[in-house]
Amino acid sequence: MVKMGKDYYDILGIKRGASEDDIKKAYRKQALRYHPDKNKSPGAEDKFKEIAEAYDVLSDPKKKDIYDRFGEEGLKGGGLPGGGGGGGGGPGTFSYSFQGDPHAIFEEFFGGRNPFGQFFGARNGGMDEDMDTDDPFARFGMGGAGMGGFPRSFSSGMGGMGGHSSVVKKQQDPPVVHDLRVTLEEVLSGCMKKMKISRKRLNPDRRTTRTEDKILEVQIKKGWKEGTKITFPKEGDETPTNIPADVVFVLKDKPHSVFKRDGSDIIYPANISLRDALCGSTINVPTLEGRTVPVSSTDIVQPGMKRRISGEGLPYPKRPDRRGDLIVEYGVKFPDRLSQSARDTIAQVLPRS
């Protein structure tokens with residue numbers, strides 16, 4: 001049974017299986033109820049952010065699907081079965097963390113920073129104290145312009161739910177993709193990478209921008225393969241007319257001085273002399289942890305021959321408690337020249353065919 005963690009449906013006060021319309025209505029009600037400009041009770045700000053996170057997940061079909069199947073742990077890359085490789089019906093390499101500004105989500109939904117001033121007369125910059133705190137829209141009848149008695153400027157900005165809209169729907173910028181290079185040792189043990197990005201953010205006036213730096217922490221899990229993607233939603237540039245792009249890091253292997261990677265296996269190229277190839281030898285094969293494993297051969301070694309050392313490779317991404325193999329790939333070094341006596345000896349010893 002999947003551990004759900006946060007219950008986003010409960011946070012919005014709706015049941016699982018709620019429609020897109022129900023999710024929007026629930027967010028509208030809860031966001032207005034707990035908006036810090038109106039609700040001054042302790043914890044309102046945290047509740048307002050929690051409501052924004054719930055809406056951010058449930059209003060996005062991809063995030064909602066992963067959450068419905070695997071809960072918060074699966075949504076946030078908690079290592080459920082099927083994670084890390086993208087197969088087996090699991091959440092794959094999808095990793096979500098709420099990085100959004102709850103006030104920006106509120107503004108985008110309602111089409112304005114402070115809808116209270118538009119609808120309620122804004123007593124002391126807030127909401128009429130006589131208004132129903134559970135549902136501030138309950139007092140409005142069907143008369144008047146706009147949606148349910150709201151002024152038309154407001155109804156046209158409610159996520160496309162009103163009549164003819166004068167508000168241009170914001171489009172999200174394409175993802176910003178960065179290569180993230182990791183060593184084989186880091187893939188073996190897992191690690192945390194801190195990546196500094198520079199992006200534009202809106203100033204409080206919501207018109208001008210500033211440039212700021214941010215450190216993103218990227219958790220590299222054991223055995224992750226080259227090409228694995230880690231996404232940070234909406235961490236790109238922010239302008240008055242856009243939805244910030246997702247920032248995506250794509251894992252790339254750093255070249256290693258000793259080994260090559262082949263999925264969860266690693267390859268060690270071992271070059272031996274022609275004499276050792278013909279007469280047998282023992283070589284000490286290094287491992288990623290710094291140990292050596294002796295490998296002996298008594299038979300004739302052909303160029304390209306391979307020997308496997310089980311369990312000395314990289315962790316499997318879906319089963320990090322198990323590891324691939326270390327593959328010894330033989331190469332044979334032929335001498336540049338031979339003396340006449342050596343030639344004569346070899347000619348006597350070796351068969352012609």
# chains A, B, ... in the order shown; residues from 1 in each chain; ligands from 1

$ residues_around --residues "Thr241 in chain A" --least-positions-apart "5" --cutoff "10 Å" --atoms "only C-alpha atoms" --output "PyMOL selection string"
chain A and resi 168-172+206-207

$ write_last_selection --atoms "all heavy atoms" --output "PDB file, in the first residue's frame"
ATOM      1  N   VAL A 168      -4.688  38.050 -21.142  1.00  0.00           N
ATOM      2  CA  VAL A 168      -3.979  37.087 -21.962  1.00  0.00           C
ATOM      3  C   VAL A 168      -3.447  35.972 -21.071  1.00  0.00           C
ATOM      4  O   VAL A 168      -2.780  36.227 -20.068  1.00  0.00           O
ATOM      5  CB  VAL A 168      -2.806  37.774 -22.712  1.00  0.00           C
ATOM      6  CG1 VAL A 168      -2.022  36.750 -23.519  1.00  0.00           C
ATOM      7  CG2 VAL A 168      -3.339  38.877 -23.621  1.00  0.00           C
ATOM      8  N   LYS A 169      -3.755  34.749 -21.417  1.00  0.00           N
ATOM      9  CA  LYS A 169      -3.297  33.610 -20.620  1.00  0.00           C
ATOM     10  C   LYS A 169      -1.792  33.459 -20.767  1.00  0.00           C
ATOM     11  O   LYS A 169      -1.258  33.417 -21.859  1.00  0.00           O
ATOM     12  CB  LYS A 169      -3.996  32.328 -21.083  1.00  0.00           C
ATOM     13  CG  LYS A 169      -3.616  31.102 -20.254  1.00  0.00           C
ATOM     14  CD  LYS A 169      -4.427  29.912 -20.665  1.00  0.00           C
ATOM     15  CE  LYS A 169      -4.006  28.661 -19.906  1.00  0.00           C
ATOM     16  NZ  LYS A 169      -4.225  28.799 -18.460  1.00  0.00           N
ATOM     17  N   LYS A 170      -1.120  33.382 -19.624  1.00  0.00           N
ATOM     18  CA  LYS A 170       0.335  33.262 -19.645  1.00  0.00           C
ATOM     19  C   LYS A 170       0.742  31.878 -20.141  1.00  0.00           C
ATOM     20  O   LYS A 170       0.090  30.882 -19.858  1.00  0.00           O
ATOM     21  CB  LYS A 170       0.908  33.478 -18.242  1.00  0.00           C
ATOM     22  CG  LYS A 170       0.765  34.905 -17.716  1.00  0.00           C
ATOM     23  CD  LYS A 170       1.408  35.017 -16.344  1.00  0.00           C
ATOM     24  CE  LYS A 170       1.284  36.425 -15.794  1.00  0.00           C
ATOM     25  NZ  LYS A 170       1.926  36.544 -14.450  1.00  0.00           N
ATOM     26  N   GLN A 171       1.831  31.850 -20.886  1.00  0.00           N
ATOM     27  CA  GLN A 171       2.391  30.592 -21.363  1.00  0.00           C
ATOM     28  C   GLN A 171       3.697  30.322 -20.632  1.00  0.00           C
ATOM     29  O   GLN A 171       4.458  31.240 -20.340  1.00  0.00           O
ATOM     30  CB  GLN A 171       2.659  30.668 -22.872  1.00  0.00           C
ATOM     31  CG  GLN A 171       1.421  30.868 -23.723  1.00  0.00           C
ATOM     32  CD  GLN A 171       0.507  29.661 -23.698  1.00  0.00           C
ATOM     33  OE1 GLN A 171       0.976  28.524 -23.686  1.00  0.00           O
ATOM     34  NE2 GLN A 171      -0.792  29.897 -23.678  1.00  0.00           N
ATOM     35  N   GLN A 172       3.954  29.044 -20.341  1.00  0.00           N
ATOM     36  CA  GLN A 172       5.205  28.706 -19.673  1.00  0.00           C
ATOM     37  C   GLN A 172       6.335  28.631 -20.688  1.00  0.00           C
ATOM     38  O   GLN A 172       6.182  28.093 -21.785  1.00  0.00           O
ATOM     39  CB  GLN A 172       5.104  27.386 -18.925  1.00  0.00           C
ATOM     40  CG  GLN A 172       6.356  27.063 -18.111  1.00  0.00           C
ATOM     41  CD  GLN A 172       6.190  25.842 -17.237  1.00  0.00           C
ATOM     42  OE1 GLN A 172       5.352  24.992 -17.512  1.00  0.00           O
ATOM     43  NE2 GLN A 172       6.974  25.745 -16.175  1.00  0.00           N
ATOM     44  N   ARG A 206       5.508  43.855  -9.382  1.00  0.00           N
ATOM     45  CA  ARG A 206       5.048  42.883 -10.375  1.00  0.00           C
ATOM     46  C   ARG A 206       5.235  43.349 -11.811  1.00  0.00           C
ATOM     47  O   ARG A 206       4.647  42.809 -12.731  1.00  0.00           O
ATOM     48  CB  ARG A 206       3.570  42.500 -10.164  1.00  0.00           C
ATOM     49  CG  ARG A 206       3.192  42.127  -8.749  1.00  0.00           C
ATOM     50  CD  ARG A 206       3.993  40.963  -8.240  1.00  0.00           C
ATOM     51  NE  ARG A 206       3.721  39.730  -8.956  1.00  0.00           N
ATOM     52  CZ  ARG A 206       4.376  38.598  -8.748  1.00  0.00           C
ATOM     53  NH1 ARG A 206       5.382  38.542  -7.890  1.00  0.00           N
ATOM     54  NH2 ARG A 206       4.058  37.511  -9.435  1.00  0.00           N
ATOM     55  N   ARG A 207       6.079  44.378 -12.011  1.00  0.00           N
ATOM     56  CA  ARG A 207       6.341  44.874 -13.368  1.00  0.00           C
ATOM     57  C   ARG A 207       7.834  44.824 -13.697  1.00  0.00           C
ATOM     58  O   ARG A 207       8.207  44.416 -14.783  1.00  0.00           O
ATOM     59  CB  ARG A 207       5.823  46.310 -13.536  1.00  0.00           C
ATOM     60  CG  ARG A 207       4.301  46.435 -13.483  1.00  0.00           C
ATOM     61  CD  ARG A 207       3.848  47.836 -13.866  1.00  0.00           C
ATOM     62  NE  ARG A 207       4.369  48.849 -12.958  1.00  0.00           N
ATOM     63  CZ  ARG A 207       3.812  49.183 -11.808  1.00  0.00           C
ATOM     64  NH1 ARG A 207       2.695  48.579 -11.419  1.00  0.00           N
ATOM     65  NH2 ARG A 207       4.336  50.111 -11.042  1.00  0.00           N
TER      66      ARG A 207
END

$ select_by_dssp --residues "range 196-343 of chain A" --states "alpha helix (DSSP H)" --output "list in words"
Leu274, Arg275, Asp276, Ala277, Leu278, Cys279, Gln340, Ser341, Ala342 and Arg343 of chain A

$ write_last_selection --atoms "all heavy atoms" --output "PDB file, in the first residue's frame"
ATOM      1  N   LEU A 274      52.139 -10.641 -24.965  1.00  0.00           N
ATOM      2  CA  LEU A 274      51.890 -11.839 -25.769  1.00  0.00           C
ATOM      3  C   LEU A 274      52.334 -13.088 -24.996  1.00  0.00           C
ATOM      4  O   LEU A 274      51.665 -14.119 -25.038  1.00  0.00           O
ATOM      5  CB  LEU A 274      52.634 -11.736 -27.101  1.00  0.00           C
ATOM      6  CG  LEU A 274      52.525 -12.941 -28.031  1.00  0.00           C
ATOM      7  CD1 LEU A 274      51.073 -13.217 -28.404  1.00  0.00           C
ATOM      8  CD2 LEU A 274      53.377 -12.732 -29.271  1.00  0.00           C
ATOM      9  N   ARG A 275      53.426 -12.975 -24.269  1.00  0.00           N
ATOM     10  CA  ARG A 275      53.912 -14.108 -23.472  1.00  0.00           C
ATOM     11  C   ARG A 275      52.864 -14.518 -22.445  1.00  0.00           C
ATOM     12  O   ARG A 275      52.538 -15.702 -22.297  1.00  0.00           O
ATOM     13  CB  ARG A 275      55.219 -13.726 -22.785  1.00  0.00           C
ATOM     14  CG  ARG A 275      55.783 -14.817 -21.881  1.00  0.00           C
ATOM     15  CD  ARG A 275      57.039 -14.316 -21.164  1.00  0.00           C
ATOM     16  NE  ARG A 275      57.611 -15.341 -20.319  1.00  0.00           N
ATOM     17  CZ  ARG A 275      57.162 -15.676 -19.105  1.00  0.00           C
ATOM     18  NH1 ARG A 275      56.096 -15.043 -18.601  1.00  0.00           N
ATOM     19  NH2 ARG A 275      57.761 -16.619 -18.397  1.00  0.00           N
ATOM     20  N   ASP A 276      52.314 -13.511 -21.694  1.00  0.00           N
ATOM     21  CA  ASP A 276      51.301 -13.828 -20.678  1.00  0.00           C
ATOM     22  C   ASP A 276      50.023 -14.368 -21.317  1.00  0.00           C
ATOM     23  O   ASP A 276      49.334 -15.218 -20.745  1.00  0.00           O
ATOM     24  CB  ASP A 276      50.986 -12.591 -19.831  1.00  0.00           C
ATOM     25  CG  ASP A 276      52.123 -12.229 -18.880  1.00  0.00           C
ATOM     26  OD1 ASP A 276      53.001 -13.087 -18.661  1.00  0.00           O
ATOM     27  OD2 ASP A 276      52.138 -11.087 -18.376  1.00  0.00           O
ATOM     28  N   ALA A 277      49.695 -13.852 -22.491  1.00  0.00           N
ATOM     29  CA  ALA A 277      48.490 -14.322 -23.175  1.00  0.00           C
ATOM     30  C   ALA A 277      48.612 -15.795 -23.561  1.00  0.00           C
ATOM     31  O   ALA A 277      47.630 -16.544 -23.532  1.00  0.00           O
ATOM     32  CB  ALA A 277      48.221 -13.469 -24.414  1.00  0.00           C
ATOM     33  N   LEU A 278      49.847 -16.206 -23.910  1.00  0.00           N
ATOM     34  CA  LEU A 278      50.057 -17.585 -24.346  1.00  0.00           C
ATOM     35  C   LEU A 278      50.338 -18.539 -23.180  1.00  0.00           C
ATOM     36  O   LEU A 278      49.935 -19.709 -23.207  1.00  0.00           O
ATOM     37  CB  LEU A 278      51.217 -17.642 -25.336  1.00  0.00           C
ATOM     38  CG  LEU A 278      51.004 -16.896 -26.656  1.00  0.00           C
ATOM     39  CD1 LEU A 278      52.287 -16.912 -27.473  1.00  0.00           C
ATOM     40  CD2 LEU A 278      49.860 -17.513 -27.445  1.00  0.00           C
ATOM     41  N   CYS A 279      51.027 -18.031 -22.173  1.00  0.00           N
ATOM     42  CA  CYS A 279      51.505 -18.902 -21.101  1.00  0.00           C
ATOM     43  C   CYS A 279      50.698 -18.802 -19.818  1.00  0.00           C
ATOM     44  O   CYS A 279      50.926 -19.574 -18.881  1.00  0.00           O
ATOM     45  CB  CYS A 279      52.977 -18.578 -20.794  1.00  0.00           C
ATOM     46  SG  CYS A 279      54.067 -18.774 -22.210  1.00  0.00           S
ATOM     47  N   GLN A 340      66.323 -13.016 -34.084  1.00  0.00           N
ATOM     48  CA  GLN A 340      66.251 -14.184 -34.954  1.00  0.00           C
ATOM     49  C   GLN A 340      66.137 -15.459 -34.140  1.00  0.00           C
ATOM     50  O   GLN A 340      65.404 -16.387 -34.494  1.00  0.00           O
ATOM     51  CB  GLN A 340      67.487 -14.257 -35.867  1.00  0.00           C
ATOM     52  CG  GLN A 340      67.385 -15.352 -36.924  1.00  0.00           C
ATOM     53  CD  GLN A 340      66.167 -15.190 -37.829  1.00  0.00           C
ATOM     54  OE1 GLN A 340      65.897 -14.104 -38.349  1.00  0.00           O
ATOM     55  NE2 GLN A 340      65.386 -16.276 -38.006  1.00  0.00           N
ATOM     56  N   SER A 341      66.828 -15.488 -32.984  1.00  0.00           N
ATOM     57  CA  SER A 341      66.776 -16.696 -32.164  1.00  0.00           C
ATOM     58  C   SER A 341      65.380 -16.898 -31.590  1.00  0.00           C
ATOM     59  O   SER A 341      64.891 -18.040 -31.490  1.00  0.00           O
ATOM     60  CB  SER A 341      67.808 -16.624 -31.035  1.00  0.00           C
ATOM     61  OG  SER A 341      67.547 -15.502 -30.184  1.00  0.00           O
ATOM     62  N   ALA A 342      64.735 -15.780 -31.205  1.00  0.00           N
ATOM     63  CA  ALA A 342      63.365 -15.876 -30.697  1.00  0.00           C
ATOM     64  C   ALA A 342      62.424 -16.353 -31.793  1.00  0.00           C
ATOM     65  O   ALA A 342      61.524 -17.176 -31.561  1.00  0.00           O
ATOM     66  CB  ALA A 342      62.903 -14.523 -30.154  1.00  0.00           C
ATOM     67  N   ARG A 343      62.641 -15.846 -32.995  1.00  0.00           N
ATOM     68  CA  ARG A 343      61.814 -16.282 -34.124  1.00  0.00           C
ATOM     69  C   ARG A 343      61.962 -17.796 -34.344  1.00  0.00           C
ATOM     70  O   ARG A 343      60.984 -18.504 -34.570  1.00  0.00           O
ATOM     71  CB  ARG A 343      62.205 -15.541 -35.403  1.00  0.00           C
ATOM     72  CG  ARG A 343      61.804 -14.073 -35.425  1.00  0.00           C
ATOM     73  CD  ARG A 343      62.436 -13.398 -36.645  1.00  0.00           C
ATOM     74  NE  ARG A 343      62.151 -11.980 -36.679  1.00  0.00           N
ATOM     75  CZ  ARG A 343      61.129 -11.432 -37.312  1.00  0.00           C
ATOM     76  NH1 ARG A 343      60.291 -12.220 -37.966  1.00  0.00           N
ATOM     77  NH2 ARG A 343      60.947 -10.136 -37.300  1.00  0.00           N
TER      78      ARG A 343
END

$ residues_around --residues "Gly13 in chain A" --least-positions-apart "3" --cutoff "12 Å" --atoms "only C-alpha atoms" --output "short mmCIF file (atom, residue, chain, number, x, y, z; two decimals) with C-alpha atoms, in the first residue's frame"
data_model
loop_
_atom_site.label_atom_id
_atom_site.label_comp_id
_atom_site.auth_asym_id
_atom_site.auth_seq_id
_atom_site.Cartn_x
_atom_site.Cartn_y
_atom_site.Cartn_z
CA ASP A 7 -3.47 14.57 1.53
CA TYR A 8 -3.85 17.31 -1.09
CA TYR A 9 -7.54 16.48 -1.55
CA ASP A 10 -8.19 16.95 2.16
CA ARG A 16 -10.53 11.93 -4.57
CA ALA A 18 -12.90 15.46 -8.01
CA ASP A 22 -14.22 21.06 -8.41
CA ILE A 23 -10.47 21.56 -7.87
CA LYS A 24 -10.66 25.16 -9.13
CA LYS A 25 -13.69 25.95 -6.98
CA ALA A 26 -12.04 24.41 -3.91
CA TYR A 27 -8.83 26.37 -4.44
CA ARG A 28 -10.79 29.61 -4.94
CA LYS A 29 -12.65 29.10 -1.66
CA GLN A 30 -9.68 27.99 0.46
CA ALA A 31 -7.20 30.53 -0.96
CA ILE A 51 -3.27 25.22 -0.33
CA ALA A 54 -2.15 21.23 -3.30
CA TYR A 55 -3.59 23.20 -6.23
CA ASP A 134 -16.04 29.89 5.10
#

$ residues_around --residues "Val176 in chain A" --least-positions-apart "5" --cutoff "12 Å" --atoms "only C-alpha atoms" --output "MDAnalysis selection string"
chainID A and resid 197:199 229:237 244:250

$ write_last_selection --atoms "all heavy atoms" --output "short mmCIF file (atom, residue, chain, number, x, y, z; two decimals), in the first residue's frame"
data_model
loop_
_atom_site.label_atom_id
_atom_site.label_comp_id
_atom_site.auth_asym_id
_atom_site.auth_seq_id
_atom_site.Cartn_x
_atom_site.Cartn_y
_atom_site.Cartn_z
N ILE A 197 22.23 28.70 -9.81
CA ILE A 197 21.63 29.25 -11.02
C ILE A 197 21.36 30.74 -10.82
O ILE A 197 21.23 31.21 -9.69
CB ILE A 197 20.31 28.53 -11.40
CG1 ILE A 197 19.24 28.74 -10.31
CG2 ILE A 197 20.55 27.06 -11.66
CD1 ILE A 197 17.86 28.29 -10.74
N SER A 198 21.32 31.46 -11.90
CA SER A 198 20.98 32.89 -11.88
C SER A 198 19.72 33.07 -12.70
O SER A 198 19.63 32.57 -13.83
CB SER A 198 22.13 33.71 -12.46
OG SER A 198 21.84 35.09 -12.42
N ARG A 199 18.73 33.75 -12.11
CA ARG A 199 17.47 33.93 -12.84
C ARG A 199 16.86 35.27 -12.50
O ARG A 199 17.22 35.91 -11.50
CB ARG A 199 16.50 32.79 -12.52
CG ARG A 199 15.74 32.91 -11.21
CD ARG A 199 16.46 32.31 -10.03
NE ARG A 199 15.76 32.48 -8.77
CZ ARG A 199 14.82 31.68 -8.30
NH1 ARG A 199 14.43 30.65 -9.01
NH2 ARG A 199 14.27 31.90 -7.13
N LYS A 229 16.89 12.63 -15.80
CA LYS A 229 16.54 14.05 -15.70
C LYS A 229 15.97 14.37 -14.32
O LYS A 229 15.16 13.61 -13.78
CB LYS A 229 15.50 14.41 -16.77
CG LYS A 229 16.02 14.29 -18.20
CD LYS A 229 14.95 14.66 -19.21
CE LYS A 229 15.49 14.53 -20.64
NZ LYS A 229 14.45 14.88 -21.65
N ILE A 230 16.42 15.49 -13.75
CA ILE A 230 15.90 15.99 -12.48
C ILE A 230 15.32 17.37 -12.74
O ILE A 230 16.02 18.26 -13.23
CB ILE A 230 17.00 16.07 -11.41
CG1 ILE A 230 17.74 14.73 -11.27
CG2 ILE A 230 16.40 16.48 -10.07
CD1 ILE A 230 19.02 14.65 -12.02
N THR A 231 14.02 17.55 -12.43
CA THR A 231 13.31 18.77 -12.79
C THR A 231 12.98 19.60 -11.56
O THR A 231 12.48 19.09 -10.56
CB THR A 231 12.00 18.42 -13.53
OG1 THR A 231 12.32 17.71 -14.73
CG2 THR A 231 11.23 19.69 -13.91
N PHE A 232 13.26 20.90 -11.64
CA PHE A 232 12.87 21.87 -10.63
C PHE A 232 11.82 22.80 -11.27
O PHE A 232 12.16 23.65 -12.11
CB PHE A 232 14.07 22.69 -10.13
CG PHE A 232 15.04 21.89 -9.31
CD1 PHE A 232 16.02 21.13 -9.93
CD2 PHE A 232 14.96 21.88 -7.93
CE1 PHE A 232 16.92 20.38 -9.18
CE2 PHE A 232 15.84 21.13 -7.17
CZ PHE A 232 16.82 20.38 -7.79
N PRO A 233 10.54 22.62 -10.91
CA PRO A 233 9.48 23.37 -11.58
C PRO A 233 9.59 24.89 -11.36
O PRO A 233 9.85 25.35 -10.25
CB PRO A 233 8.19 22.83 -10.94
CG PRO A 233 8.58 21.50 -10.36
CD PRO A 233 10.00 21.64 -9.93
N LYS A 234 9.43 25.63 -12.45
CA LYS A 234 9.26 27.09 -12.44
C LYS A 234 10.40 27.83 -11.76
O LYS A 234 10.19 28.82 -11.08
CB LYS A 234 7.92 27.46 -11.78
CG LYS A 234 6.72 26.88 -12.50
CD LYS A 234 5.41 27.27 -11.83
CE LYS A 234 4.23 26.63 -12.54
NZ LYS A 234 2.94 26.93 -11.89
N GLU A 235 11.64 27.37 -11.97
CA GLU A 235 12.80 28.05 -11.38
C GLU A 235 13.52 28.93 -12.40
O GLU A 235 14.57 29.48 -12.11
CB GLU A 235 13.78 27.02 -10.81
CG GLU A 235 13.31 26.33 -9.55
CD GLU A 235 13.27 27.25 -8.33
OE1 GLU A 235 13.68 28.42 -8.45
OE2 GLU A 235 12.81 26.79 -7.28
N GLY A 236 12.94 29.06 -13.61
CA GLY A 236 13.56 29.90 -14.64
C GLY A 236 13.24 31.37 -14.46
O GLY A 236 12.73 31.81 -13.42
N ASP A 237 13.53 32.17 -15.50
CA ASP A 237 13.28 33.61 -15.45
C ASP A 237 11.78 33.90 -15.30
O ASP A 237 10.95 33.24 -15.92
CB ASP A 237 13.80 34.29 -16.72
CG ASP A 237 15.32 34.34 -16.77
OD1 ASP A 237 15.94 34.19 -15.70
OD2 ASP A 237 15.87 34.52 -17.87
N PRO A 244 7.38 31.04 -15.37
CA PRO A 244 8.80 30.66 -15.42
C PRO A 244 9.00 29.23 -15.92
O PRO A 244 8.21 28.33 -15.64
CB PRO A 244 9.25 30.80 -13.96
CG PRO A 244 8.31 31.79 -13.35
CD PRO A 244 6.99 31.55 -14.03
N ALA A 245 10.08 29.06 -16.65
CA ALA A 245 10.42 27.73 -17.18
C ALA A 245 10.84 26.79 -16.06
O ALA A 245 11.30 27.22 -15.00
CB ALA A 245 11.55 27.87 -18.20
N ASP A 246 10.67 25.49 -16.31
CA ASP A 246 11.26 24.49 -15.42
C ASP A 246 12.76 24.44 -15.69
O ASP A 246 13.21 24.61 -16.83
CB ASP A 246 10.67 23.10 -15.69
CG ASP A 246 9.18 23.02 -15.34
OD1 ASP A 246 8.70 23.89 -14.60
OD2 ASP A 246 8.51 22.09 -15.83
N VAL A 247 13.53 24.23 -14.64
CA VAL A 247 14.98 24.02 -14.79
C VAL A 247 15.23 22.52 -14.70
O VAL A 247 14.82 21.88 -13.73
CB VAL A 247 15.77 24.78 -13.71
CG1 VAL A 247 17.25 24.41 -13.78
CG2 VAL A 247 15.59 26.29 -13.89
N VAL A 248 15.88 21.97 -15.72
CA VAL A 248 16.09 20.52 -15.82
C VAL A 248 17.58 20.22 -15.86
O VAL A 248 18.32 20.80 -16.66
CB VAL A 248 15.41 19.94 -17.08
CG1 VAL A 248 15.63 18.44 -17.17
CG2 VAL A 248 13.92 20.27 -17.10
N PHE A 249 18.02 19.32 -15.00
CA PHE A 249 19.40 18.84 -15.02
C PHE A 249 19.42 17.42 -15.62
O PHE A 249 18.61 16.58 -15.23
CB PHE A 249 19.99 18.83 -13.62
CG PHE A 249 20.18 20.20 -13.02
CD1 PHE A 249 19.26 20.71 -12.12
CD2 PHE A 249 21.26 20.99 -13.39
CE1 PHE A 249 19.41 21.97 -11.58
CE2 PHE A 249 21.42 22.26 -12.86
CZ PHE A 249 20.49 22.75 -11.95
N VAL A 250 20.34 17.21 -16.56
CA VAL A 250 20.48 15.91 -17.22
C VAL A 250 21.83 15.32 -16.83
O VAL A 250 22.88 15.93 -17.05
CB VAL A 250 20.38 16.04 -18.75
CG1 VAL A 250 20.51 14.67 -19.41
CG2 VAL A 250 19.07 16.70 -19.15
#

$ residues_around --residues "range 284-293 of chain A" --least-positions-apart "5" --cutoff "10 Å" --atoms "only C-alpha atoms" --output "mmCIF file with C-alpha atoms, in the first residue's frame"
data_model
loop_
_atom_site.group_PDB
_atom_site.id
_atom_site.type_symbol
_atom_site.label_atom_id
_atom_site.label_comp_id
_atom_site.auth_asym_id
_atom_site.auth_seq_id
_atom_site.Cartn_x
_atom_site.Cartn_y
_atom_site.Cartn_z
ATOM 1 C CA LEU A 184 31.437 6.886 -11.415
ATOM 2 C CA GLU A 185 32.339 7.055 -7.719
ATOM 3 C CA LEU A 188 28.325 4.283 -6.866
ATOM 4 C CA SER A 189 27.592 5.902 -3.493
ATOM 5 C CA VAL A 258 40.512 3.677 -15.499
ATOM 6 C CA PHE A 259 36.999 2.411 -16.237
ATOM 7 C CA ILE A 266 31.918 -1.171 -15.571
ATOM 8 C CA TYR A 268 38.388 -2.473 -17.076
ATOM 9 C CA PRO A 269 40.676 -2.716 -20.128
ATOM 10 C CA ALA A 270 43.579 -5.042 -19.188
ATOM 11 C CA ILE A 309 33.755 -10.188 -11.562
ATOM 12 C CA GLU A 312 31.720 -5.125 -8.419
ATOM 13 C CA GLY A 313 29.917 -2.784 -10.808
ATOM 14 C CA LEU A 314 27.436 0.046 -10.138
ATOM 15 C CA LEU A 326 33.129 -5.484 -13.303
ATOM 16 C CA ILE A 327 34.156 -6.771 -16.736
ATOM 17 C CA VAL A 328 37.823 -7.392 -17.492
#

$ residues_around --residues "Tyr96 in chain A" --least-positions-apart "2" --cutoff "7 Å" --atoms "only C-alpha atoms" --output "list in words"
Leu75, Lys76, Gly77, Phe94, Phe98 and Phe232 of chain A

$ write_last_selection --atoms "N, CA and C atoms" --output "mmCIF file, in the first residue's frame"
data_model
loop_
_atom_site.group_PDB
_atom_site.id
_atom_site.type_symbol
_atom_site.label_atom_id
_atom_site.label_comp_id
_atom_site.auth_asym_id
_atom_site.auth_seq_id
_atom_site.Cartn_x
_atom_site.Cartn_y
_atom_site.Cartn_z
ATOM 1 N N LEU A 75 5.623 11.186 -5.710
ATOM 2 C CA LEU A 75 5.658 12.458 -6.428
ATOM 3 C C LEU A 75 6.987 13.162 -6.209
ATOM 4 N N LYS A 76 7.514 13.062 -4.997
ATOM 5 C CA LYS A 76 8.733 13.796 -4.643
ATOM 6 C C LYS A 76 9.976 12.933 -4.733
ATOM 7 N N GLY A 77 9.869 11.821 -5.498
ATOM 8 C CA GLY A 77 11.048 11.007 -5.760
ATOM 9 C C GLY A 77 11.528 10.239 -4.564
ATOM 10 N N PHE A 94 10.916 11.246 -12.194
ATOM 11 C CA PHE A 94 10.170 12.452 -11.857
ATOM 12 C C PHE A 94 10.422 12.812 -10.398
ATOM 13 N N PHE A 98 7.781 21.657 -4.271
ATOM 14 C CA PHE A 98 7.045 22.898 -4.480
ATOM 15 C C PHE A 98 7.976 24.081 -4.274
ATOM 16 N N PHE A 232 13.264 20.904 -11.644
ATOM 17 C CA PHE A 232 12.867 21.873 -10.627
ATOM 18 C C PHE A 232 11.821 22.796 -11.273
#

$ residues_around --residues "Gly311 in chain A" --least-positions-apart "4" --cutoff "9 Å" --atoms "only C-alpha atoms" --output "list in words"
Asp265, Pro315, Arg322, Arg323, Gly324, Asp325 and Leu326 of chain A
